[in-house]
Structures are given as structure tokens and as C-alpha cells.
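Colleague: Sharing start26.tsv below, TSV, C-alpha atoms:
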```tsv
chain	number	residue	atom	x	y	z
A	28	MET	CA	-8.32	-30.66	-13.64
A	29	PHE	CA	-11.13	-28.98	-11.70
A	30	ALA	CA	-9.26	-29.60	-8.44
A	31	LEU	CA	-6.19	-27.80	-9.83
A	32	TYR	CA	-8.43	-24.98	-11.08
A	33	LYS	CA	-9.91	-24.53	-7.58
A	34	LYS	CA	-6.44	-24.69	-6.03
A	35	GLU	CA	-5.22	-21.84	-8.26
A	36	ILE	CA	-8.27	-19.69	-7.47
A	37	ALA	CA	-7.90	-20.35	-3.74
A	38	ALA	CA	-4.14	-19.66	-3.79
A	39	PHE	CA	-4.83	-16.23	-5.26
A	40	LEU	CA	-7.83	-15.26	-3.12
A	41	ASN	CA	-6.31	-16.56	0.13
A	42	THR	CA	-3.46	-14.05	-0.11
A	43	LEU	CA	-3.51	-10.30	0.35
A	44	ILE	CA	-2.00	-9.72	-3.09
A	45	GLY	CA	-5.11	-11.18	-4.72
A	46	TYR	CA	-7.37	-8.54	-3.24
A	47	VAL	CA	-4.78	-5.82	-3.74
A	48	VAL	CA	-4.64	-6.54	-7.49
A	49	ILE	CA	-8.45	-6.36	-7.78
A	50	LEU	CA	-8.57	-3.22	-5.64
A	51	VAL	CA	-5.84	-1.56	-7.73
A	52	PHE	CA	-7.80	-2.23	-10.93
A	53	LEU	CA	-10.95	-0.65	-9.50
A	54	LEU	CA	-9.04	2.22	-7.88
A	55	ILE	CA	-7.12	3.18	-11.01
A	56	THR	CA	-10.15	2.98	-13.31
A	57	GLY	CA	-12.33	4.76	-10.74
A	58	LEU	CA	-9.91	7.65	-10.29
A	59	PHE	CA	-9.40	8.15	-14.02
A	60	LEU	CA	-13.12	7.86	-14.80
A	61	TRP	CA	-14.53	10.03	-12.04
A	62	VAL	CA	-11.80	12.11	-10.36
A	63	PHE	CA	-8.75	12.99	-12.46
A	64	PRO	CA	-9.35	15.67	-15.12
A	65	THR	CA	-8.14	13.54	-18.04
A	66	GLU	CA	-9.56	12.46	-21.39
A	67	TYR	CA	-11.01	9.42	-19.62
A	68	ASN	CA	-13.12	11.41	-17.15
A	69	ILE	CA	-16.77	10.50	-17.80
A	70	LEU	CA	-18.15	13.67	-16.20
A	71	ASP	CA	-15.96	15.86	-18.42
A	72	PHE	CA	-16.75	13.67	-21.43
A	73	ALA	CA	-20.40	14.82	-21.07
A	74	TYR	CA	-21.82	11.76	-22.87
A	75	ALA	CA	-23.71	8.89	-21.27
A	76	ASN	CA	-21.42	6.04	-22.35
A	77	LEU	CA	-18.56	3.99	-20.99
A	78	ASP	CA	-16.12	4.41	-23.88
A	79	PRO	CA	-13.50	5.93	-21.54
A	80	PHE	CA	-13.56	2.82	-19.34
A	81	PHE	CA	-13.12	0.45	-22.27
A	82	MET	CA	-10.30	2.59	-23.66
A	83	LEU	CA	-8.53	2.68	-20.29
A	84	ALA	CA	-9.03	-0.95	-19.17
A	85	PRO	CA	-6.56	-2.55	-21.66
A	86	PHE	CA	-3.72	-0.35	-20.35
A	87	VAL	CA	-4.52	-1.38	-16.77
A	88	PHE	CA	-4.67	-5.02	-17.91
A	89	LEU	CA	-1.14	-4.70	-19.31
A	90	PHE	CA	0.03	-4.63	-15.67
A	91	LEU	CA	-2.81	-6.36	-13.85
A	92	ILE	CA	-2.83	-9.64	-15.82
A	93	PRO	CA	0.95	-10.27	-15.75
A	94	ALA	CA	0.71	-9.67	-11.97
A	95	ILE	CA	-1.96	-12.38	-11.74
A	96	SER	CA	-0.26	-14.90	-14.02
A	97	MET	CA	3.41	-14.38	-13.14
A	98	ARG	CA	3.39	-16.93	-10.29
A	99	MET	CA	1.49	-19.74	-11.99
A	100	PHE	CA	4.48	-21.70	-13.26
A	101	SER	CA	7.45	-19.65	-12.02
A	102	GLU	CA	6.54	-20.21	-8.37
A	103	GLU	CA	6.06	-23.94	-9.00
A	104	LYS	CA	9.54	-24.04	-10.54
A	105	LYS	CA	11.16	-22.07	-7.74
A	106	THR	CA	9.64	-24.14	-4.93
A	107	GLY	CA	10.16	-27.43	-6.76
A	108	THR	CA	6.46	-28.35	-6.61
A	109	ILE	CA	6.29	-28.45	-10.40
A	110	GLU	CA	7.78	-31.96	-10.31
A	111	LEU	CA	4.93	-33.07	-8.06
A	112	LEU	CA	2.42	-31.27	-10.26
A	113	PHE	CA	3.43	-33.20	-13.36
A	114	THR	CA	3.24	-36.52	-11.53
A	115	ARG	CA	-0.49	-36.07	-11.01
A	116	PRO	CA	-2.91	-37.99	-13.26
A	117	LEU	CA	-3.20	-34.99	-15.54
A	118	ASN	CA	-1.57	-34.41	-18.90
A	119	ASP	CA	0.25	-31.19	-19.75
A	120	LEU	CA	-2.72	-29.69	-21.60
A	121	GLN	CA	-5.03	-30.24	-18.64
A	122	ILE	CA	-2.55	-28.56	-16.28
A	123	ILE	CA	-2.09	-25.61	-18.62
A	124	GLY	CA	-5.85	-25.41	-19.20
A	125	ALA	CA	-6.62	-25.39	-15.47
A	126	LYS	CA	-4.13	-22.60	-14.80
A	127	TYR	CA	-5.32	-20.62	-17.83
A	128	LEU	CA	-8.99	-20.86	-16.82
A	129	ALA	CA	-8.09	-19.90	-13.25
A	130	GLY	CA	-6.24	-16.81	-14.47
A	131	LEU	CA	-9.10	-15.80	-16.75
A	132	SER	CA	-11.63	-16.35	-13.95
A	133	LEU	CA	-9.65	-14.08	-11.65
A	134	VAL	CA	-9.64	-11.32	-14.26
A	135	ILE	CA	-13.40	-11.69	-14.70
A	136	ILE	CA	-13.79	-11.45	-10.91
A	137	ALA	CA	-11.88	-8.15	-11.09
A	138	ILE	CA	-14.10	-6.92	-13.96
A	139	ILE	CA	-17.46	-7.72	-12.32
A	140	PRO	CA	-17.41	-4.83	-9.78
A	141	SER	CA	-16.97	-2.40	-12.70
A	142	LEU	CA	-20.66	-3.00	-13.47
A	143	ILE	CA	-21.27	-0.27	-10.90
A	144	TYR	CA	-19.95	2.12	-13.55
A	145	VAL	CA	-22.72	0.96	-15.89
A	146	LEU	CA	-25.35	1.69	-13.25
A	147	SER	CA	-23.79	5.07	-12.46
A	148	VAL	CA	-23.80	6.21	-16.08
A	149	TYR	CA	-27.33	4.80	-16.51
A	150	TRP	CA	-28.56	6.92	-13.60
A	151	LEU	CA	-26.61	10.01	-14.67
A	152	GLY	CA	-27.84	9.91	-18.27
A	153	PHE	CA	-30.15	12.63	-19.54
A	154	PRO	CA	-32.82	11.60	-20.04
A	155	TYR	CA	-32.61	8.94	-17.34
A	156	GLY	CA	-31.41	5.61	-18.77
A	157	ASN	CA	-30.10	7.15	-22.00
A	158	LEU	CA	-27.47	4.46	-22.49
A	159	ASP	CA	-26.72	2.07	-25.34
A	160	LEU	CA	-26.52	-1.18	-23.38
A	161	GLY	CA	-25.92	-3.23	-26.53
A	162	ILE	CA	-22.59	-1.50	-27.19
A	163	ILE	CA	-21.63	-1.80	-23.53
A	164	TRP	CA	-22.26	-5.56	-23.36
A	165	GLY	CA	-20.40	-5.96	-26.65
A	166	SER	CA	-17.50	-4.01	-25.17
A	167	TYR	CA	-17.45	-6.27	-22.12
A	168	ILE	CA	-17.26	-9.29	-24.44
A	169	GLY	CA	-14.32	-7.64	-26.20
A	170	LEU	CA	-12.67	-6.96	-22.84
A	171	ILE	CA	-12.98	-10.63	-21.84
A	172	PHE	CA	-11.47	-11.78	-25.15
A	173	LEU	CA	-8.66	-9.26	-24.63
A	174	ALA	CA	-8.10	-10.61	-21.12
A	175	SER	CA	-8.08	-14.15	-22.51
A	176	ALA	CA	-5.21	-13.29	-24.85
A	177	PHE	CA	-3.25	-11.48	-22.13
A	178	VAL	CA	-3.68	-14.40	-19.71
A	179	SER	CA	-2.29	-16.86	-22.27
A	180	ILE	CA	0.69	-14.53	-22.82
A	181	GLY	CA	1.18	-14.22	-19.05
A	182	LEU	CA	1.06	-17.99	-18.63
A	183	PHE	CA	3.70	-18.43	-21.34
A	184	SER	CA	5.89	-15.80	-19.66
A	185	SER	CA	5.56	-17.59	-16.32
A	186	ALA	CA	6.65	-20.85	-17.90
A	187	ILE	CA	9.88	-19.28	-19.20
A	188	THR	CA	11.49	-18.58	-15.83
A	189	ASP	CA	11.39	-19.41	-12.12
A	190	ASN	CA	11.62	-15.72	-11.23
A	191	GLN	CA	8.24	-14.03	-10.80
A	192	ILE	CA	9.58	-10.53	-11.42
A	193	ILE	CA	11.18	-11.58	-14.70
A	194	ALA	CA	7.94	-13.36	-15.67
A	195	PHE	CA	6.04	-10.16	-14.86
A	196	ILE	CA	8.35	-8.03	-17.03
A	197	ILE	CA	8.25	-10.49	-19.93
A	198	GLY	CA	4.46	-10.66	-19.68
A	199	ILE	CA	4.12	-6.87	-19.81
A	200	SER	CA	6.58	-6.60	-22.71
A	201	ILE	CA	4.91	-9.20	-24.93
A	202	SER	CA	1.40	-7.98	-24.11
A	203	ALA	CA	2.32	-4.35	-24.77
A	204	PHE	CA	3.87	-5.22	-28.12
A	205	ALA	CA	0.88	-7.35	-29.11
A	206	TYR	CA	-1.51	-4.54	-28.18
A	207	LEU	CA	0.42	-1.42	-29.22
A	208	GLY	CA	3.39	-2.55	-31.31
A	209	PHE	CA	1.56	-3.28	-34.55
A	210	GLU	CA	-0.39	-0.02	-34.24
A	211	ILE	CA	2.88	1.90	-33.96
A	212	ILE	CA	4.35	0.07	-36.96
A	213	TYR	CA	1.15	0.75	-38.91
A	214	SER	CA	1.32	4.47	-38.09
A	215	LEU	CA	4.84	4.69	-39.56
A	216	ASP	CA	3.45	3.84	-43.01
A	217	LEU	CA	6.39	1.60	-43.87
A	218	PHE	CA	4.68	-1.18	-45.79
A	219	GLY	CA	2.40	0.65	-48.22
A	220	ASN	CA	-0.46	-1.62	-49.25
A	221	PHE	CA	0.40	-4.05	-46.46
A	222	ASP	CA	-0.05	-1.50	-43.66
A	223	LEU	CA	-3.62	-2.60	-42.95
A	224	PHE	CA	-2.47	-6.21	-42.79
A	225	VAL	CA	0.23	-5.24	-40.27
A	226	GLN	CA	-2.39	-3.41	-38.20
A	227	SER	CA	-4.66	-6.47	-38.28
A	228	LEU	CA	-1.91	-8.53	-36.63
A	229	GLY	CA	-2.25	-6.47	-33.44
A	230	ILE	CA	-4.78	-6.89	-30.65
A	231	GLN	CA	-5.90	-3.27	-30.55
A	232	ALA	CA	-7.48	-3.29	-34.03
A	233	HIS	CA	-9.67	-6.31	-33.21
A	234	TYR	CA	-10.53	-5.10	-29.71
A	235	THR	CA	-11.56	-1.70	-31.10
A	236	SER	CA	-13.69	-3.43	-33.72
A	237	ILE	CA	-15.62	-5.39	-31.06
A	238	ARG	CA	-15.93	-2.24	-28.92
A	239	ARG	CA	-18.04	-0.66	-31.66
A	240	GLY	CA	-20.75	-3.15	-30.78
A	241	VAL	CA	-20.34	-5.39	-33.83
A	242	ILE	CA	-19.25	-8.95	-33.04
A	243	ASP	CA	-17.33	-9.91	-36.18
A	244	LEU	CA	-16.39	-13.58	-36.58
A	245	ARG	CA	-12.95	-12.53	-37.83
A	246	ASP	CA	-12.24	-10.75	-34.55
A	247	LEU	CA	-13.36	-13.75	-32.49
A	248	ILE	CA	-11.20	-16.10	-34.59
A	249	TYR	CA	-8.24	-13.75	-34.08
A	250	PHE	CA	-8.54	-13.77	-30.28
A	251	ILE	CA	-9.15	-17.51	-30.09
A	252	SER	CA	-6.18	-18.16	-32.38
A	253	LEU	CA	-3.85	-15.84	-30.46
A	254	THR	CA	-4.85	-17.40	-27.15
A	255	ALA	CA	-4.40	-20.92	-28.52
A	256	LEU	CA	-1.01	-19.98	-30.00
A	257	PHE	CA	0.46	-18.87	-26.68
A	258	LEU	CA	-1.04	-21.86	-24.87
A	259	LEU	CA	0.67	-24.02	-27.50
A	260	PHE	CA	3.93	-22.14	-26.89
A	261	THR	CA	3.53	-22.84	-23.17
A	262	HIS	CA	2.88	-26.53	-23.82
A	263	THR	CA	5.94	-26.75	-26.10
A	264	LEU	CA	8.09	-25.05	-23.47
A	265	LEU	CA	6.96	-27.32	-20.67
A	266	SER	CA	7.22	-30.47	-22.79
A	267	ARG	CA	10.96	-29.83	-23.03
A	268	ARG	CA	11.37	-29.71	-19.26
A	269	LYS	CA	14.51	-31.21	-17.81
A	270	TRP	CA	13.67	-31.21	-14.11
```
Would you put the structure from the file into C-alpha cells?
Modeller:
Amino acid sequence: MFALYKKEIAAFLNTLIGYVVILVFLLITGLFLWVFPTEYNILDFAYANLDPFFMLAPFVFLFLIPAISMRMFSEEKKTGTIELLFTRPLNDLQIIGAKYLAGLSLVIIAIIPSLIYVLSVYWLGFPYGNLDLGIIWGSYIGLIFLASAFVSIGLFSSAITDNQIIAFIIGISISAFAYLGFEIIYSLDLFGNFDLFVQSLGIQAHYTSIRRGVIDLRDLIYFISLTALFLLFTHTLLSRRKW
């Protein structure tokens, strides 16, 4: 399993697209946080915190993570190497787990350079160091749980088809609905007393809760359950293979 994990990491980092994806994440967040005059601009925000980054990052992840995960099974199907993969002394869950952990590790690698934003805001604060690090570390934990859910969705999308572009589109669509769809339904006020329940089905409500700096067990259970659900979907899909 560890050998497959290393192979997936190496396959991503040994290609130009791997570094391009990481660079795009940092470039987009950097431009919106420090250059473009938008609601996410930290200098215009005039407060020493990283809320704009943690509000912006999920929308970048909606494209970044499907781009990372789209090839994991679809490329194996297209090249025919998936038959060889499943003849290895690994069961389906180990193969899925190795690819999932590789995808999550790659997202974390992309997140790590954003720590420079923490240092920048720490230095720019008035007085110097006027920054609530507890909320920031809590927000990073929330971001990793969010990435975990998106990676599992991306892996499921990649298992559906042998076309990477289709896998990418499916991954974006499902992730966007899981993050934004329930919030939109909630805002329509269609279900009366059940509106809050509908909102709680979406990722955004739980991610926002963790971003406040309070690690609620219910939010952790939600993310773990959602991740496990899509990994189970992936396993079910692959167990019906006919190649």
C-alpha cells in the first residue's frame, strides 16, 4: 500500500502539471489576498486575520482538487494498467486508501506554502503580532477536513469514467453542490422547520463552524462520514468492474 502511495505522489510531482496546480493555488490566493481590490484583500480588510484566505480557499479547491484527483483511476482505465493494479497483492480498499491518502497529501503540500500568509499578517499586525493564532490553526484544520471530503469526491468521480476531463467536470459538479447547493436550498426557505437540517447536510455549514475556532465533534463526524461515504461509493463502483 505504501509503495502505491509513493508511486502516486511521484507520478504527480514528476510532471509539470503537479507544480502548475500548486503554483496556481498560491497565485490565485496571493493575487486575491494582496493585489486585487476585492472583498478578500487583506490590506483593504484592515484587520490582522486570515479570514479572507479561509473564505477564498474552498472555491479554489473546487477546481484544484478535481484537477489533482481526476487522473487517479481514469488514467489507469484508459491505459489499461488498472488490470495490472488489481492483480497486485492489495485488496480494493488498500488501493483506494493509497490513492486517497496520496491525493490528500498533495493538497496538504499545496497548503503548506500558504503559511507565509500567516507570517505576513503576523508582521503587519498593529501592534506587532496581534493575531489570533488559535483561530488560524483551527481554520487550517477545517481546511484539511474540507480537502479530505473533496478528495474522496474527486476519487469517486475518477472511478466513474476513463476520461480525465469528464472526471474533472463531475468532480467539480459534485463538490460544488456539496459545498454550495444545500446553502442555496436553505436560503430559499422551502422547508420551514427543516431548513436548518437541510443546511447541515452541506459542507459549508460545518466548515464555517470549524473556522470560528471551535472544534465541534459533530463537525468532525460529518466530514469523516462524508469522506467515508464517497470512498465506499468508489469501492462499490470498482467492485463491479468488468475489465
Colleague: Out of A:Ile44, A:Ile212, A:Val51, A:Leu128, which residue has the shortest atom-to-atom distance to Met28 (chain A) when counting all atoms listed in the file?
Modeller: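 Closest residue, counting all atoms listed in the file: A:Leu128.
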Colleague: Measuring atom to atom with all atoms listed in the file, identify which of A:Ile92, A:Ile143, A:Leu207, A:Ala129 is nearest to Ala174 (chain A).
Modeller: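 Nearest candidate to Ala174 (chain A) out of A:Ile92, A:Ile143, A:Leu207, A:Ala129: A:Ile92.
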Colleague: Just the residues within 10 Å of Leu173 (chain A), please, counting all atoms listed in the file, with nothing from its chain fewer than 2 positions along; format it as a ChimeraX atom specification.
Modeller: /A:84-85,88,167-171,175-178,206,230-231,233-234,250-251,254
Colleague: Would you list the contacts of Ile122 (chain A) as a compact mmCIF listing (two decimals) with C-alpha atoms, in the coordinates of the input, taking every protein, DNA or RNA residue within 9 Å and counting all atoms listed in the file, but skipping same-chain residues closer than 5 positions in sequence?
Modeller:
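Now in selection34.txt:
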```txt
# COMPACT_ATOMS: atom_id res chain seq x y z
CA MET A 28 -8.32 -30.66 -13.64
CA LEU A 31 -6.19 -27.80 -9.83
CA TYR A 32 -8.43 -24.98 -11.08
CA LEU A 112 2.42 -31.27 -10.26
CA PHE A 113 3.43 -33.20 -13.36
CA LEU A 117 -3.20 -34.99 -15.54
CA TYR A 127 -5.32 -20.62 -17.83
```
Colleague: Determine, counting all atoms listed in the file, every residue of protein, DNA or RNA that lies within 12 Å of (-20.2, 8.2, -18.8) in the file coordinates, then give the result as a ChimeraX atom specification.
Modeller: /A:57,59-61,66-81,143-153,156-159,163
Colleague: When you count all atoms listed in the file, which of these residues is closest to Phe260 (chain A): A:Ile162, A:Leu50, A:Ala186, A:Val62?
Modeller: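 Answer, going by the shortest atom-to-atom distance: A:Ala186.
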Colleague: Take every atom of region 214-223 of chain A listed in the file, fit an axis-aligned box around them, add 5 Å per side, and give the centre and edge lengths in Å to one decimal as lines of an AutoDock Vina configuration file.
Modeller:
```
center_x = 1.4
center_y = 0.3
center_z = -43.7
size_x = 20.0
size_y = 18.7
size_z = 21.2
```
Colleague: Any chance you could turn region 96-108 of chain A into a file with N, CA and C atoms, as a PDB file, in the first residue's frame?
Modeller:
```pdb
ATOM      1  N   SER A  96      -7.149  14.884  -8.573  1.00  0.00           N
ATOM      2  CA  SER A  96      -7.697  13.526  -8.450  1.00  0.00           C
ATOM      3  C   SER A  96      -8.241  12.940  -9.747  1.00  0.00           C
ATOM      4  N   MET A  97      -8.422  13.752 -10.781  1.00  0.00           N
ATOM      5  CA  MET A  97      -9.118  13.281 -11.975  1.00  0.00           C
ATOM      6  C   MET A  97      -8.410  12.124 -12.674  1.00  0.00           C
ATOM      7  N   ARG A  98      -7.087  12.031 -12.530  1.00  0.00           N
ATOM      8  CA  ARG A  98      -6.323  11.016 -13.259  1.00  0.00           C
ATOM      9  C   ARG A  98      -6.171   9.707 -12.490  1.00  0.00           C
ATOM     10  N   MET A  99      -6.528   9.684 -11.218  1.00  0.00           N
ATOM     11  CA  MET A  99      -6.123   8.582 -10.349  1.00  0.00           C
ATOM     12  C   MET A  99      -6.668   7.221 -10.778  1.00  0.00           C
ATOM     13  N   PHE A 100      -7.913   7.168 -11.204  1.00  0.00           N
ATOM     14  CA  PHE A 100      -8.456   5.923 -11.740  1.00  0.00           C
ATOM     15  C   PHE A 100      -8.725   6.025 -13.242  1.00  0.00           C
ATOM     16  N   SER A 101      -9.122   7.205 -13.712  1.00  0.00           N
ATOM     17  CA  SER A 101      -9.472   7.342 -15.128  1.00  0.00           C
ATOM     18  C   SER A 101      -8.276   7.069 -16.029  1.00  0.00           C
ATOM     19  N   GLU A 102      -7.095   7.519 -15.627  1.00  0.00           N
ATOM     20  CA  GLU A 102      -5.905   7.265 -16.435  1.00  0.00           C
ATOM     21  C   GLU A 102      -5.552   5.780 -16.431  1.00  0.00           C
ATOM     22  N   GLU A 103      -5.712   5.142 -15.263  1.00  0.00           N
ATOM     23  CA  GLU A 103      -5.457   3.699 -15.168  1.00  0.00           C
ATOM     24  C   GLU A 103      -6.388   2.927 -16.103  1.00  0.00           C
ATOM     25  N   LYS A 104      -7.651   3.379 -16.173  1.00  0.00           N
ATOM     26  CA  LYS A 104      -8.621   2.717 -17.053  1.00  0.00           C
ATOM     27  C   LYS A 104      -8.246   2.928 -18.519  1.00  0.00           C
ATOM     28  N   LYS A 105      -7.885   4.146 -18.848  1.00  0.00           N
ATOM     29  CA  LYS A 105      -7.616   4.481 -20.247  1.00  0.00           C
ATOM     30  C   LYS A 105      -6.385   3.749 -20.772  1.00  0.00           C
ATOM     31  N   THR A 106      -5.351   3.646 -19.937  1.00  0.00           N
ATOM     32  CA  THR A 106      -4.109   3.000 -20.368  1.00  0.00           C
ATOM     33  C   THR A 106      -4.143   1.490 -20.197  1.00  0.00           C
ATOM     34  N   GLY A 107      -5.159   0.986 -19.488  1.00  0.00           N
ATOM     35  CA  GLY A 107      -5.267  -0.450 -19.273  1.00  0.00           C
ATOM     36  C   GLY A 107      -4.457  -0.970 -18.097  1.00  0.00           C
ATOM     37  N   THR A 108      -3.752  -0.084 -17.393  1.00  0.00           N
ATOM     38  CA  THR A 108      -2.926  -0.514 -16.263  1.00  0.00           C
ATOM     39  C   THR A 108      -3.756  -0.861 -15.029  1.00  0.00           C
TER      40      THR A 108
END
```
